[in-house]
Structure formats: structure tokens, C-alpha cells
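Next comes data-v7.txt, a file with compact mmCIF, C-alpha atoms.
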# COMPACT_ATOMS: atom_id res chain seq x y z
CA MET L 1 0.16 -7.40 -19.93
CA PRO L 2 1.91 -7.80 -16.55
CA PRO L 3 5.42 -6.39 -16.31
CA THR L 4 8.22 -8.84 -15.67
CA ARG L 5 11.97 -8.73 -15.20
CA HIS L 6 12.40 -12.49 -15.55
CA HIS L 7 15.23 -13.61 -17.84
CA ARG L 8 15.49 -17.35 -18.35
CA GLY L 9 18.58 -19.35 -18.98
CA ARG L 10 21.25 -16.66 -18.91
CA SER L 11 23.99 -15.43 -16.64
CA ASN L 12 24.25 -11.80 -15.59
CA ALA L 13 28.03 -12.06 -15.31
CA ASN L 14 28.64 -10.13 -18.55
CA ARG L 15 25.88 -7.57 -18.14
CA ARG L 16 26.28 -4.19 -16.53
CA PRO L 17 23.61 -3.61 -13.84
CA ASP L 18 22.83 -0.13 -15.19
CA GLY L 19 22.50 -0.84 -18.90
CA PRO L 20 22.95 -3.20 -21.83
CA ARG L 21 25.90 -5.48 -22.30
CA ARG L 22 28.44 -3.81 -24.58
CA THR L 23 29.83 -6.13 -27.23
CA GLY L 24 31.71 -3.48 -29.17
CA ARG L 25 29.26 -3.56 -32.10
CA PRO L 26 27.29 -0.28 -32.41
CA GLN L 27 24.32 -2.03 -34.02
CA ASP L 28 23.85 -4.12 -30.88
CA LEU L 29 23.60 -0.94 -28.83
CA VAL L 30 21.17 0.62 -31.33
CA ARG L 31 18.73 -2.27 -31.07
CA ARG L 32 19.21 -2.64 -27.34
CA THR L 33 18.42 1.06 -26.91
CA ALA L 34 15.20 0.70 -28.93
CA PHE L 35 14.29 -2.39 -26.91
CA ASP L 36 14.93 -0.68 -23.57
CA VAL L 37 12.66 2.24 -24.47
CA ILE L 38 9.91 -0.09 -25.72
CA ARG L 39 10.13 -2.08 -22.47
CA ALA L 40 9.90 1.11 -20.43
CA VAL L 41 6.75 2.11 -22.31
CA ASP L 42 5.25 -1.31 -21.56
CA THR L 43 6.27 -1.66 -17.93
CA ARG L 44 6.05 1.87 -16.54
CA ASP L 45 4.08 3.90 -19.08
CA ALA L 46 7.19 5.88 -20.00
CA TYR L 47 6.94 8.58 -22.66
CA ALA L 48 9.04 7.33 -25.57
CA ASN L 49 9.59 10.83 -26.94
CA LEU L 50 11.13 11.90 -23.63
CA LEU L 51 13.08 8.75 -22.79
CA LEU L 52 14.60 7.98 -26.18
CA PRO L 53 16.58 11.23 -26.61
CA ALA L 54 18.03 10.78 -23.13
CA ARG L 55 19.09 7.21 -23.88
CA LEU L 56 20.67 8.26 -27.18
CA ARG L 57 22.76 10.87 -25.39
CA GLU L 58 23.71 8.54 -22.54
CA ARG L 59 24.91 5.87 -24.94
CA GLY L 60 26.65 8.18 -27.38
CA LEU L 61 24.47 7.26 -30.35
CA THR L 62 24.52 9.89 -33.09
CA GLY L 63 24.00 10.19 -36.83
CA ARG L 64 22.80 7.05 -38.56
CA ASP L 65 22.86 5.01 -35.37
CA ALA L 66 20.57 7.51 -33.63
CA ALA L 67 18.29 7.65 -36.68
CA LEU L 68 18.01 3.85 -36.78
CA ALA L 69 17.31 3.60 -33.05
CA THR L 70 14.60 6.24 -33.45
CA GLU L 71 12.97 4.45 -36.39
CA LEU L 72 13.05 1.08 -34.63
CA THR L 73 11.57 2.50 -31.43
CA TYR L 74 8.76 4.59 -32.86
CA GLY L 75 8.04 2.25 -35.76
CA THR L 76 7.66 -0.75 -33.47
CA LEU L 77 5.38 1.16 -31.10
CA ARG L 78 3.24 2.52 -33.96
CA GLY L 79 2.85 -0.88 -35.62
CA ARG L 80 2.40 -2.98 -32.49
CA GLY L 81 -1.23 -3.96 -33.16
CA THR L 82 -0.47 -5.09 -36.70
CA TYR L 83 2.68 -6.93 -35.70
CA ASP L 84 0.86 -8.74 -32.88
CA ALA L 85 -1.73 -10.04 -35.35
CA ILE L 86 1.04 -11.35 -37.60
CA LEU L 87 3.10 -12.81 -34.75
CA ALA L 88 0.03 -14.63 -33.45
CA LEU L 89 -0.12 -16.57 -36.72
CA CYS L 90 3.61 -17.30 -36.72
CA SER L 91 3.88 -18.51 -33.12
CA ASP L 92 2.81 -21.84 -31.66
CA ARG L 93 2.25 -20.05 -28.34
CA GLU L 94 -0.49 -17.58 -27.55
CA LEU L 95 1.02 -14.11 -27.32
CA ARG L 96 -0.13 -13.76 -23.71
CA ARG L 97 2.01 -16.80 -22.84
CA ILE L 98 5.20 -15.35 -24.33
CA ASP L 99 7.44 -13.62 -21.79
CA PRO L 100 6.87 -9.86 -22.26
CA PRO L 101 10.56 -9.05 -22.90
CA LEU L 102 10.70 -11.72 -25.60
CA LEU L 103 7.45 -10.49 -27.12
CA ASP L 104 8.90 -7.01 -27.40
CA VAL L 105 11.95 -8.45 -29.16
CA LEU L 106 9.61 -10.21 -31.60
CA ARG L 107 7.73 -6.96 -32.26
CA LEU L 108 11.01 -5.17 -32.86
CA GLY L 109 12.14 -7.95 -35.17
CA ALA L 110 8.84 -7.91 -37.07
CA HIS L 111 9.19 -4.18 -37.66
CA GLN L 112 12.72 -4.64 -39.02
CA VAL L 113 11.60 -7.45 -41.32
CA LEU L 114 8.38 -5.90 -42.60
CA ALA L 115 8.83 -2.11 -42.51
CA THR L 116 12.50 -1.25 -43.00
CA ARG L 117 15.04 -1.70 -45.77
CA ILE L 118 17.18 -3.96 -43.59
CA PRO L 119 17.66 -7.26 -45.48
CA PRO L 120 15.38 -9.95 -43.97
CA HIS L 121 18.24 -12.28 -43.02
CA ALA L 122 20.01 -9.43 -41.19
CA ALA L 123 16.78 -8.30 -39.53
CA VAL L 124 16.10 -11.80 -38.24
CA GLY L 125 19.71 -12.37 -37.20
CA THR L 126 20.01 -9.16 -35.18
CA ALA L 127 16.66 -9.78 -33.48
CA VAL L 128 17.73 -13.30 -32.54
CA GLU L 129 20.97 -11.91 -31.08
CA LEU L 130 18.94 -9.42 -29.06
CA ALA L 131 16.66 -12.23 -27.83
CA ARG L 132 19.73 -14.20 -26.75
CA ASP L 133 21.05 -11.16 -24.90
CA VAL L 134 17.86 -10.35 -22.98
CA THR L 135 16.17 -13.75 -22.58
CA GLY L 136 18.80 -16.45 -23.09
CA PRO L 137 19.75 -18.97 -25.80
CA GLY L 138 16.66 -21.15 -25.40
CA GLN L 139 14.30 -18.30 -26.12
CA SER L 140 16.46 -17.08 -29.02
CA LYS L 141 15.72 -20.32 -30.87
CA PHE L 142 12.01 -19.64 -30.51
CA ALA L 143 12.53 -16.07 -31.75
CA ASN L 144 14.42 -17.39 -34.76
CA ALA L 145 11.63 -19.80 -35.68
CA VAL L 146 8.91 -17.16 -35.35
CA LEU L 147 10.73 -14.40 -37.23
CA ARG L 148 11.75 -16.71 -40.07
CA LYS L 149 8.04 -17.33 -40.60
CA VAL L 150 7.35 -13.58 -40.47
CA ALA L 151 10.01 -13.09 -43.16
CA GLY L 152 8.17 -15.50 -45.45
CA ARG L 153 5.85 -12.71 -46.66
CA ASP L 154 6.04 -8.96 -47.06
CA LEU L 155 3.77 -6.65 -45.07
CA GLU L 156 1.06 -6.44 -47.74
CA GLY L 157 1.06 -10.21 -48.04
CA TRP L 158 0.47 -10.55 -44.30
CA LEU L 159 -2.23 -7.86 -44.29
CA GLU L 160 -4.20 -9.83 -46.87
CA ILE L 161 -4.29 -12.65 -44.31
CA VAL L 162 -4.72 -10.85 -40.98
CA ALA L 163 -6.97 -8.04 -42.31
CA PRO L 164 -8.85 -9.47 -45.32
CA ASP L 165 -11.44 -7.43 -47.22
CA ASP L 166 -14.31 -9.58 -45.95
CA MET L 167 -13.47 -8.87 -42.29
CA ASP L 168 -15.67 -6.55 -40.22
CA ALA L 169 -14.64 -3.05 -41.31
CA THR L 170 -13.77 -1.73 -37.85
CA THR L 171 -11.67 -4.77 -37.00
CA ARG L 172 -9.97 -4.73 -40.39
CA LEU L 173 -8.97 -1.09 -40.11
CA SER L 174 -7.87 -1.62 -36.52
CA VAL L 175 -5.50 -4.44 -37.49
CA ARG L 176 -4.31 -2.88 -40.73
CA HIS L 177 -3.43 0.46 -39.17
CA SER L 178 -2.57 -0.65 -35.63
CA HIS L 179 -5.21 1.49 -33.92
CA PRO L 180 -7.51 0.43 -31.06
CA LYS L 181 -10.99 -0.47 -32.20
CA TRP L 182 -12.58 2.31 -30.17
CA ILE L 183 -10.54 4.91 -32.05
CA VAL L 184 -11.46 3.41 -35.43
CA SER L 185 -15.11 3.28 -34.40
CA ALA L 186 -15.09 6.91 -33.23
CA LEU L 187 -13.47 8.06 -36.49
CA ARG L 188 -15.98 6.12 -38.57
CA ASP L 189 -18.84 7.69 -36.61
CA ALA L 190 -17.37 11.14 -37.19
CA LEU L 191 -16.53 10.68 -40.87
CA GLY L 192 -19.53 8.66 -41.95
CA PRO L 193 -19.72 5.37 -43.85
CA ASP L 194 -16.92 6.19 -46.35
CA ARG L 195 -14.34 3.55 -45.44
CA ASP L 196 -11.74 5.03 -47.78
CA GLU L 197 -11.74 8.31 -45.88
CA THR L 198 -11.26 6.56 -42.55
CA ASP L 199 -8.57 4.37 -44.08
CA ALA L 200 -6.70 7.43 -45.37
CA LEU L 201 -6.96 9.23 -42.03
CA LEU L 202 -5.60 6.24 -40.12
CA ALA L 203 -2.74 5.88 -42.60
CA ALA L 204 -1.91 9.57 -42.17
CA ASP L 205 -1.93 9.17 -38.40
CA ASN L 206 0.77 6.51 -38.77
CA ALA L 207 2.97 8.65 -40.99
CA ARG L 208 6.36 9.43 -39.50
CA PRO L 209 6.04 12.91 -37.96
CA ARG L 210 8.60 15.66 -38.21
CA VAL L 211 9.98 17.09 -34.97
CA THR L 212 8.23 20.26 -33.81
CA LEU L 213 10.04 22.61 -31.45
CA VAL L 214 8.78 25.41 -29.24
CA ALA L 215 10.79 28.54 -28.46
CA ARG L 216 9.47 29.45 -25.03
CA PRO L 217 8.62 33.17 -25.07
CA GLY L 218 11.02 35.39 -23.16
CA ARG L 219 13.51 32.52 -22.91
CA ALA L 220 14.32 31.68 -26.52
CA THR L 221 13.60 33.00 -29.99
CA LEU L 222 12.85 31.23 -33.25
CA ALA L 223 16.02 32.78 -34.66
CA GLU L 224 18.03 30.58 -32.25
CA LEU L 225 16.58 27.50 -33.94
CA GLU L 226 18.48 28.15 -37.15
CA GLY L 227 17.68 25.59 -39.84
CA ALA L 228 14.21 24.82 -38.49
CA GLU L 229 11.20 25.98 -40.49
CA PRO L 230 8.49 28.19 -38.92
CA ALA L 231 5.51 26.10 -37.80
CA PRO L 232 2.34 26.56 -39.88
CA TYR L 233 0.13 27.68 -36.99
CA SER L 234 1.99 28.29 -33.73
CA PRO L 235 3.78 31.66 -33.54
CA VAL L 236 6.38 30.15 -31.21
CA GLY L 237 6.80 26.85 -33.07
CA ALA L 238 9.37 25.56 -35.56
CA VAL L 239 9.62 22.32 -37.51
CA LEU L 240 12.89 20.41 -37.73
CA PRO L 241 12.99 18.33 -40.95
CA ASP L 242 15.51 15.90 -39.46
CA GLY L 243 18.37 15.66 -37.00
CA ASP L 244 18.76 15.86 -33.24
CA PRO L 245 16.98 18.78 -31.50
CA ALA L 246 19.77 18.80 -28.93
CA VAL L 247 22.06 20.45 -31.47
CA PHE L 248 20.40 23.72 -30.45
CA ALA L 249 21.79 25.33 -27.30
CA ALA L 250 18.30 26.62 -26.46
CA VAL L 251 16.98 23.04 -26.37
CA ARG L 252 19.92 21.82 -24.29
CA ASP L 253 19.35 24.67 -21.84
CA GLY L 254 15.59 24.05 -21.55
CA ARG L 255 14.70 27.42 -23.07
CA ALA L 256 13.25 25.63 -26.10
CA ALA L 257 11.85 22.12 -26.27
CA VAL L 258 10.26 19.45 -28.43
CA GLN L 259 6.50 20.01 -28.35
CA ASP L 260 3.75 19.15 -30.84
CA GLU L 261 2.17 22.15 -32.46
CA ALA L 262 -1.31 21.17 -31.27
CA SER L 263 -0.02 21.07 -27.70
CA GLN L 264 1.49 24.53 -28.16
CA LEU L 265 -1.80 25.93 -29.46
CA VAL L 266 -3.74 24.53 -26.50
CA ALA L 267 -1.39 26.30 -24.08
CA LEU L 268 -1.46 29.54 -26.06
CA ALA L 269 -5.27 29.48 -26.20
CA LEU L 270 -5.43 29.12 -22.43
CA ALA L 271 -2.88 31.90 -21.96
CA ALA L 272 -5.01 34.22 -24.11
CA VAL L 273 -7.58 34.48 -21.30
CA GLU L 274 -7.30 37.87 -19.60
CA MET L 275 -6.08 37.81 -16.00
CA ASP L 276 -6.42 40.50 -13.34
CA GLY L 277 -3.41 42.05 -11.64
CA PRO L 278 0.30 41.27 -11.55
CA ASP L 279 -0.13 38.60 -8.87
CA ALA L 280 -2.44 36.42 -10.95
CA ARG L 281 -1.91 32.72 -10.37
CA TRP L 282 -2.39 30.12 -13.06
CA ALA L 283 -2.88 26.42 -12.38
CA ASP L 284 -2.17 23.43 -14.61
CA LEU L 285 -3.63 20.53 -12.65
CA CYS L 286 -2.91 17.87 -15.28
CA ALA L 287 0.68 18.70 -16.14
CA GLY L 288 1.86 15.20 -17.09
CA PRO L 289 5.39 15.43 -18.55
CA GLY L 290 5.15 19.24 -18.47
CA GLY L 291 5.20 20.30 -22.11
CA LYS L 292 2.24 22.69 -21.92
CA ALA L 293 3.29 23.74 -18.42
CA GLY L 294 6.70 24.79 -19.72
CA LEU L 295 5.13 27.04 -22.34
CA LEU L 296 2.52 28.39 -19.92
CA SER L 297 5.22 29.17 -17.38
CA ALA L 298 7.16 31.23 -19.92
CA VAL L 299 4.08 33.19 -20.95
CA ALA L 300 3.03 33.67 -17.31
CA THR L 301 6.44 35.10 -16.43
CA GLN L 302 6.15 37.63 -19.24
CA ARG L 303 2.78 38.73 -17.88
CA GLY L 304 3.77 38.93 -14.23
CA ALA L 305 1.81 35.81 -13.30
CA ARG L 306 2.83 32.63 -11.53
CA LEU L 307 2.08 29.07 -12.61
CA LEU L 308 1.37 26.13 -10.31
CA ALA L 309 1.76 22.85 -12.19
CA ALA L 310 0.69 19.51 -10.69
CA ASP L 311 -0.36 16.09 -11.93
When written as C-alpha cells, how does the structure in this file appear?
Amino acid sequence: MPPTRHHRGRSNANRRPDGPRRTGRPQDLVRRTAFDVIRAVDTRDAYANLLLPARLRERGLTGRDAALATELTYGTLRGRGTYDAILALCSDRELRRIDPPLLDVLRLGAHQVLATRIPPHAAVGTAVELARDVTGPGQSKFANAVLRKVAGRDLEGWLEIVAPDDMDATTRLSVRHSHPKWIVSALRDALGPDRDETDALLAADNARPRVTLVARPGRATLAELEGAEPAPYSPVGAVLPDGDPAVFAAVRDGRAAVQDEASQLVALALAAVEMDGPDARWADLCAGPGGKAGLLSAVATQRGARLLAAD
């Protein structure tokens, strides 16, 4: 899907160049924040888990507003494949012919309608307002028509149509659980012909995860993450049942961070390899956003080594 910044039929006179238009209603800013992160994922391969917390802080969203923005962002991204299948039936345009910003608004609206406790009329209304804000009044009418159709059934009702039992099993599971076909196919090959087992695994993969933190050795301790539970496997990990990780000073200072437990274990396994001498040099040549590199750097410092991280 090609990125675009095109906004039809609207003036930029009331919009700040560096962020969303502020109308004074917090809910507008919540949905606009979710939309902005989703667009960044689409247009520049941004990491939602890194960008969203920064946007929440920049825009002063806390408590319920932050929780709603988080649910709308991650929920829309997780369910994108399913929502696209439903939107395709509700739109008189092919999805590839819908302006990408408007399509992301429709996905966000579909998630609100089908997967949250927001009343359908409110979910449609707020999505239409967002469409008007980012694409103009003409496109908002189209969004209203599409999302009113989406609201005509609940999620299970739509799944019976877009992922019926008589559909090819791989395609059905792909649509139902919003996973690429190649992932579904690989899981089915690994698990065998039992469709129920694959179905359960895909459903579990879509479950809302808890936030896992890492206390980087020599820089922070688990005791500083008071209220977080010890991680099941990582000796430097902790699980935060809910809330904003930035409440911890260690996270704000960069001495601790949000990092999946599996990612922590990969770094710790690599660090377990014996190195010779105090001037040992470690290299992470696929550092990406730097989660594993941050943990490796802390361990390396404790052992008198130096880490070179590159991507």
C-alpha cells in the first residue's frame, strides 16, 4: 500500500503543522493519537510499542484516555486482516482504491464497533468525526455509510460470512485471526492436521499481552519496579499487570525498559557465551530498535566488555 499525505476537501487553517487539531475534547485527541500511530506503522514501518508511549506523553494522555488510546492502537493493528475482510464487503470501492488515511480510519472505526464496549452509534460517530478531520467532509460521508453497515452485525456474525466453515482451512484461519497465510500454514505444518489446536494458538497470539519490563543489570534492580511481578523465566524481567511503565524512575531514566521476555532471554543466552579478556568486544549487527542491545550493553559493562550495535 503506497504511503500518501493527500487530504481531500479540507483546509489546513485550523490544524497545527506538528500535530492534530485540538478541539478541546479529550476523546478526539485519544482517537487522533491512535490514528497517528497506525499511520506511522503503515507509512514508515514505525514500531507502535515505541511510538505510542512517546505520543501519549507528548499529548498529556493519562489514565483512561491513555488506556483507550492503547487499546484502539494495538487492537486495530492486531485485527487489521479481519477488519479488511469485513470492510471489503461493506464498501462499494475496492480497498486498494480507498485513500490510505481514510482506510486506516475505517479500520479504527471497525475495531471500535466490533471489539470494544463503546456503543455502536458512538463508535461510528467518533470515527466519522476523525474521517472529517483527516480527510475532509466528503470522505466522512463515505466513512459513515461503510461503518453503519459494519455496525449491522457483531463480530461473530461477520466471521460467519467472511470466514465460513466451508472455506479453505488456511484462508479461514488467516481471516478469522488476522494472521498472514504463510504464518497459518507454517503453524499447521508444525502442529499437524488438528485445526482446533492451530485455532487456539492463533487466538492466544491475539490475546492482549501484559507489559514486560527489563531491569538492565548494573543499572537497575527489580526492587525498583515496585508493583511489577517477577517474570516467569527471565531473571531480570518483571511483568506489569497494567498502567504506564513510565511511572518508574528507572524506566524514565533508561536504566529499565519495556522488553518482551523472549527478547530478554535471547540476549541473556548470547551473553552466557564465555569471552576472553577484559577488552572483549561484542557485536550486535541487527540491533533494530535496540532492545536486546540495551540489555547486552548492560551485561557487557558488568563483564568489562564493550558492545558495538549496528543495524
Nearest residue to Leu295 (chain L) from the set L:Glu261, L:Tyr233, L:Val214, L:Asp242 (distances using all atoms listed in the file): L:Val214
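Proximity of L:Val184, L:Ala67, L:Ala267, L:Ile86 to Arg153 (chain L), computed with all atoms listed in the file, is greatest for L:Ile86.
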Neighbour residues at most 7 Å from (-5.9, -8.0, -40.1) (only C-alpha atoms) as a count of residues only: 9
Between CA of Leu285 (chain L) and CA of Leu308 (chain L), distance in Å (one decimal):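 It comes out at 7.9 Å.
Candidate residues L:Val146, L:Ala122, L:Leu56, L:Ala186 were compared for distance to Asp84 (chain L), and the nearest is L:Val146, using only C-alpha atoms.
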